[in-house]
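Participant: Quick one: structure below, then a few questions.
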Amino acid sequence: MTNDGLVISCSHGDEKAIEILYRTYHENLFRVCLKYASNEYDACDYMHDGFIHILKRIKAVNPEMVSSLGGWLCTVMRNFILDQIRANKKQIYCDFIENVFDSEDNNYDNDSFVDRISRNTLLDLVETLTPQFKKVFIMYAIDEKQHKDIAKELNISESTSKTNYHRARKILKKRLGDLKLI
């Protein structure tokens with residue numbers, strides 16, 4: 001089957017053509033996924049979701065316009081992965097900010113705030129915390145562990161874990177204010 005025929009068949013939902021497309025290009029596409037993923041598990045997720053994205057996009061492709069099907073597939077996969085990474089980074093920032101501020105704190109607009117602050121600034125601020133505050137803050141706010149589990153892991157009481165987290169949050173909030181970012 002020619003590439004033109006393969007694109008046309010895939011765009012019509014022909015399962016045999018989709019299987020041929022996958023078997024022909026999955027190694028190259030997976031290499032693209034591995035290039036951007038932090039581990040093989042994430043690469044598999046990218047491969048799965050990205051291939052579905054490719055199948056949706058292939059319907060809009062004029063087969064004559066795709067001179068190199070493999071190159072087009074890799075470009076679509078790469079762009080899909082980069083979009084996912086950007087979306088994930090913004091979500092991590094939003095989660096981080098929501099963990100620093102109370103939900104009742106209306107002094108900031110989360111979306112515009114996230115656009116103004118860099119990942120490095122956030123990490124630098126967390127690094128300024130005392131080792132105990134930093135551990136608890138990261139475990140609770142970023143790793144999403146419960147205070148009971150943090151207490152066991154750090155060999156502290158659950159109330160100490162909660163206190164350390166709230167003090168860390170208060171310090172971060174003050175330092176963000178000092179930077180005039182809120």
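Going through the structure tokens in order, the chains are called A, B, and so on, while each chain numbers its residues from 1 and the ligands are numbered from 1 in the order shown.
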Residues within 12 Å of Val136 in chain A, please, as a ChimeraX atom specification. Count only C-alpha atoms; anything in the same chain fewer than 3 positions from it doesn't count.
Facilitator: /A:126,129-133,139-169
Participant: Can you work out which one of A:Leu21, A:Ile85, A:Cys33, A:Cys10 has the shortest atom-to-atom distance to Ile58 in chain A, counting only C-alpha atoms?
Facilitator: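 Among the listed residues, the smallest separation from Ile58 in chain A belongs to A:Cys10.
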Participant: Using only C-alpha atoms, find the one residue out of A:Leu125, A:Met47, A:Ala17, A:Leu6 that sits nearest to Lys170 in chain A.
Facilitator: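 Of the candidates, the smallest distance to Lys170 in chain A is held by A:Leu125.
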